[in-house]
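Peer 1: Contents of run-v8.cif (mmCIF, C-alpha atoms) are below:
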```cif
data_structure
loop_
_atom_site.group_PDB
_atom_site.id
_atom_site.type_symbol
_atom_site.label_atom_id
_atom_site.label_comp_id
_atom_site.auth_asym_id
_atom_site.auth_seq_id
_atom_site.Cartn_x
_atom_site.Cartn_y
_atom_site.Cartn_z
ATOM 1 C CA MET A 172 -6.687 46.219 -20.043
ATOM 2 C CA PRO A 173 -5.029 44.908 -16.858
ATOM 3 C CA ARG A 174 -4.017 41.271 -16.535
ATOM 4 C CA SER A 175 -6.747 39.146 -14.977
ATOM 5 C CA VAL A 176 -5.545 36.701 -12.332
ATOM 6 C CA ASN A 177 -7.870 34.266 -10.648
ATOM 7 C CA ASN A 178 -6.342 34.712 -7.220
ATOM 8 C CA VAL A 179 -9.263 33.071 -5.425
ATOM 9 C CA ALA A 180 -8.723 29.754 -7.186
ATOM 10 C CA SER A 181 -4.922 29.942 -6.811
ATOM 11 C CA ARG A 182 -5.180 30.595 -3.085
ATOM 12 C CA ALA A 183 -7.753 27.825 -2.666
ATOM 13 C CA ARG A 184 -5.486 25.361 -4.477
ATOM 14 C CA ARG A 185 -2.488 26.277 -2.292
ATOM 15 C CA LYS A 186 -4.626 26.206 0.837
ATOM 16 C CA ARG A 187 -5.886 22.704 0.001
ATOM 17 C CA ILE A 188 -2.324 21.373 -0.411
ATOM 18 C CA LEU A 189 -1.067 23.119 2.737
ATOM 19 C CA LYS A 190 -3.997 21.669 4.668
ATOM 20 C CA LEU A 191 -2.922 18.179 3.547
ATOM 21 C CA ALA A 192 0.640 19.005 4.673
ATOM 22 C CA LYS A 193 -0.492 19.742 8.233
ATOM 23 C CA GLY A 194 1.634 17.812 10.700
ATOM 24 C CA PHE A 195 4.653 17.510 8.388
ATOM 25 C CA PHE A 196 8.045 18.469 9.857
ATOM 26 C CA GLY A 197 9.943 21.651 9.086
ATOM 27 C CA ARG A 198 9.402 23.531 5.821
ATOM 28 C CA LYS A 199 7.282 20.697 4.447
ATOM 29 C CA LYS A 200 4.278 22.090 6.307
ATOM 30 C CA ASN A 201 4.362 25.770 5.308
ATOM 31 C CA VAL A 202 6.557 26.418 2.238
ATOM 32 C CA TRP A 203 4.422 25.991 -0.866
ATOM 33 C CA THR A 204 6.864 24.229 -3.224
ATOM 34 C CA VAL A 205 8.281 21.936 -0.540
ATOM 35 C CA ALA A 206 4.803 21.129 0.817
ATOM 36 C CA LYS A 207 3.439 20.442 -2.672
ATOM 37 C CA ASN A 208 6.208 17.913 -3.376
ATOM 38 C CA ALA A 209 5.801 16.271 0.025
ATOM 39 C CA VAL A 210 2.018 15.978 -0.327
ATOM 40 C CA GLU A 211 2.255 14.569 -3.870
ATOM 41 C CA LYS A 212 4.781 11.982 -2.714
ATOM 42 C CA GLY A 213 2.653 11.141 0.320
ATOM 43 C CA LEU A 214 -0.490 10.684 -1.768
ATOM 44 C CA GLY A 215 1.463 8.407 -4.113
ATOM 45 C CA TYR A 216 2.610 6.284 -1.178
ATOM 46 C CA ALA A 217 -0.947 6.187 0.180
ATOM 47 C CA TYR A 218 -2.293 4.916 -3.154
ATOM 48 C CA ARG A 219 0.450 2.297 -3.478
ATOM 49 C CA ASP A 220 0.115 1.093 0.105
ATOM 50 C CA ARG A 221 -3.655 0.675 -0.072
ATOM 51 C CA LYS A 222 -2.891 -2.055 -2.618
ATOM 52 C CA GLN A 223 0.026 -3.486 -0.607
ATOM 53 C CA LYS A 224 -2.108 -3.675 2.525
ATOM 54 C CA LYS A 225 -4.354 -6.224 0.822
ATOM 55 C CA ARG A 226 -1.321 -8.363 -0.115
ATOM 56 C CA GLU A 227 0.144 -8.159 3.369
ATOM 57 C CA PHE A 228 -3.116 -9.148 5.055
ATOM 58 C CA ARG A 229 -3.372 -12.225 2.833
ATOM 59 C CA GLY A 230 0.019 -13.319 4.206
ATOM 60 C CA VAL A 231 -1.134 -12.706 7.779
ATOM 61 C CA TRP A 232 -4.289 -14.759 7.196
ATOM 62 C CA ILE A 233 -2.302 -17.637 5.702
ATOM 63 C CA ALA A 234 0.070 -17.659 8.714
ATOM 64 C CA ARG A 235 -2.877 -17.765 11.141
ATOM 65 C CA ILE A 236 -4.658 -20.537 9.239
ATOM 66 C CA ASN A 237 -1.412 -22.514 9.068
ATOM 67 C CA ALA A 238 -0.874 -22.180 12.836
ATOM 68 C CA GLY A 239 -4.445 -23.318 13.507
ATOM 69 C CA ALA A 240 -4.191 -26.205 11.049
ATOM 70 C CA ARG A 241 -0.914 -27.510 12.495
ATOM 71 C CA ILE A 242 -2.518 -27.789 15.938
ATOM 72 C CA HIS A 243 -4.852 -30.353 14.340
ATOM 73 C CA GLY A 244 -2.083 -32.191 12.466
ATOM 74 C CA LEU A 245 -2.503 -30.650 9.006
ATOM 75 C CA SER A 246 -0.398 -28.213 7.021
ATOM 76 C CA TYR A 247 -1.927 -25.121 5.447
ATOM 77 C CA SER A 248 -1.802 -26.550 1.931
ATOM 78 C CA GLU A 249 -3.362 -29.869 3.006
ATOM 79 C CA LEU A 250 -6.169 -28.054 4.807
ATOM 80 C CA MET A 251 -6.909 -25.738 1.879
ATOM 81 C CA GLY A 252 -6.875 -28.663 -0.561
ATOM 82 C CA LYS A 253 -9.283 -30.663 1.587
ATOM 83 C CA LEU A 254 -11.573 -27.661 2.069
ATOM 84 C CA LYS A 255 -11.782 -27.163 -1.701
ATOM 85 C CA LYS A 256 -12.345 -30.883 -2.286
ATOM 86 C CA GLY A 257 -14.965 -30.967 0.481
ATOM 87 C CA GLY A 258 -16.827 -28.056 -1.078
ATOM 88 C CA ILE A 259 -16.404 -25.744 1.926
ATOM 89 C CA ASP A 260 -16.262 -22.230 0.520
ATOM 90 C CA LEU A 261 -14.758 -20.074 3.269
ATOM 91 C CA ASN A 262 -12.275 -17.375 2.369
ATOM 92 C CA ARG A 263 -8.928 -16.923 4.117
ATOM 93 C CA LYS A 264 -10.097 -13.902 6.091
ATOM 94 C CA VAL A 265 -12.937 -15.870 7.699
ATOM 95 C CA LEU A 266 -10.798 -18.972 8.286
ATOM 96 C CA ALA A 267 -8.085 -16.884 9.959
ATOM 97 C CA ASP A 268 -10.669 -15.240 12.221
ATOM 98 C CA LEU A 269 -12.079 -18.636 13.177
ATOM 99 C CA ALA A 270 -8.616 -20.075 13.839
ATOM 100 C CA MET A 271 -7.677 -17.162 16.066
ATOM 101 C CA ASN A 272 -10.885 -16.164 17.857
ATOM 102 C CA HIS A 273 -13.150 -19.234 17.621
ATOM 103 C CA PRO A 274 -10.945 -22.343 17.909
ATOM 104 C CA ALA A 275 -13.912 -24.663 18.525
ATOM 105 C CA ALA A 276 -15.554 -23.641 15.254
ATOM 106 C CA PHE A 277 -12.235 -23.967 13.406
ATOM 107 C CA GLU A 278 -11.750 -27.435 14.912
ATOM 108 C CA ALA A 279 -15.210 -28.477 13.717
ATOM 109 C CA ILE A 280 -14.326 -27.402 10.171
ATOM 110 C CA VAL A 281 -11.015 -29.305 10.303
ATOM 111 C CA LYS A 282 -12.721 -32.468 11.600
ATOM 112 C CA LYS A 283 -15.326 -32.242 8.847
ATOM 113 C CA VAL A 284 -12.681 -32.278 6.097
ATOM 114 C CA LYS A 285 -10.238 -34.766 7.682
#
```
Please render this file's structure as structure tokens.
Peer 2:
Amino acid sequence: MPRSVNNVASRARRKRILKLAKGFFGRKKNVWTVAKNAVEKGLGYAYRDRKQKKREFRGVWIARINAGARIHGLSYSELMGKLKKGGIDLNRKVLADLAMNHPAAFEAIVKKVK
């Protein structure tokens, strides 16, 4: 009995990886073993950086809140402490948006906790 090879599945698997490698430079886009390694590494970076993006944005929000708070004579830590003590439950993302795009609303919040 001849050896049975599931060529359809093998080709589909290779095709899926090579499709993900589209746009890569040189042999990374069309040589199976090189493309497979490049795609695996790229997917690993993508997974890792989805987590890092959240950390980096938190830092950006803190910098924006700090800049907005210092205009009104407070530091970031003083403002956050007073907000917590005052029972104002706004997250950093919202506060940063207010500080940057709606300074009047941010000023009203700062005056309320001062």
Peer 1: Could you spell out the hits of the PyMOL selection byres ((chain A and resi 263) around 10) on the shown file, as number ranges by chain?
Peer 2: A: 228-233, 235-236, 251, 260-262, 264-269
Peer 1: For Glu249 of chain A, which residue among A:Lys212, A:Lys285, A:Arg185, A:His273 is the nearest when counting all atoms listed in the file?
Peer 2: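 Closest residue, counting all atoms listed in the file: A:Lys285.
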Peer 1: If the PyMOL selection byres ((chain A and resi 199) around 12) is run on the structure shown, which residues does it catch, given as a ChimeraX atom specification?
Peer 2: /A:188-198,200-213
Peer 1: One decimal, Å: what's the distance from atom CA of Ala234 of chain A over to atom CA of Leu250 of chain A, could you say?
Peer 2: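 So the two atoms, atom CA of Ala234 of chain A and atom CA of Leu250 of chain A, lie 12.7 Å apart.
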Peer 1: So how far away is atom CA of Arg226 of chain A from atom CA of Lys256 of chain A, in Å?
Peer 2: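 Interatomic distance, atom CA of Lys256 of chain A to atom CA of Arg226 of chain A: 25.2 Å.
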Peer 1: How many Å lie between atom CA of Val284 of chain A and atom CA of Leu245 of chain A, rounded to one decimal?
Peer 2: 10.7 Å
Peer 1: Kindly provide, as JSON, the centre and edge lengths (Å, one decimal) of an axis-aligned box around all atoms of segment 191-196 of chain A given in the file, with 4 Å on each side.
Peer 2:
```
{"center_x": 2.6, "center_y": 18.6, "center_z": 7.1, "size_x": 19.0, "size_y": 10.2, "size_z": 15.2}
```
Peer 1: Show which residues sit within 10 Å of Lys283 of chain A, as a PDB file with C-alpha atoms, in the coordinates of the input. Count all atoms listed in the file, and ignore same-chain residues fewer than 3 positions away.
Peer 2:
```pdb
ATOM      1  CA  LYS A 253      -9.283 -30.663   1.587  1.00  0.00           C
ATOM      2  CA  LEU A 254     -11.573 -27.661   2.069  1.00  0.00           C
ATOM      3  CA  GLY A 257     -14.965 -30.967   0.481  1.00  0.00           C
ATOM      4  CA  ILE A 259     -16.404 -25.744   1.926  1.00  0.00           C
ATOM      5  CA  PHE A 277     -12.235 -23.967  13.406  1.00  0.00           C
ATOM      6  CA  GLU A 278     -11.750 -27.435  14.912  1.00  0.00           C
ATOM      7  CA  ALA A 279     -15.210 -28.477  13.717  1.00  0.00           C
ATOM      8  CA  ILE A 280     -14.326 -27.402  10.171  1.00  0.00           C
TER       9      ILE A 280
END
```
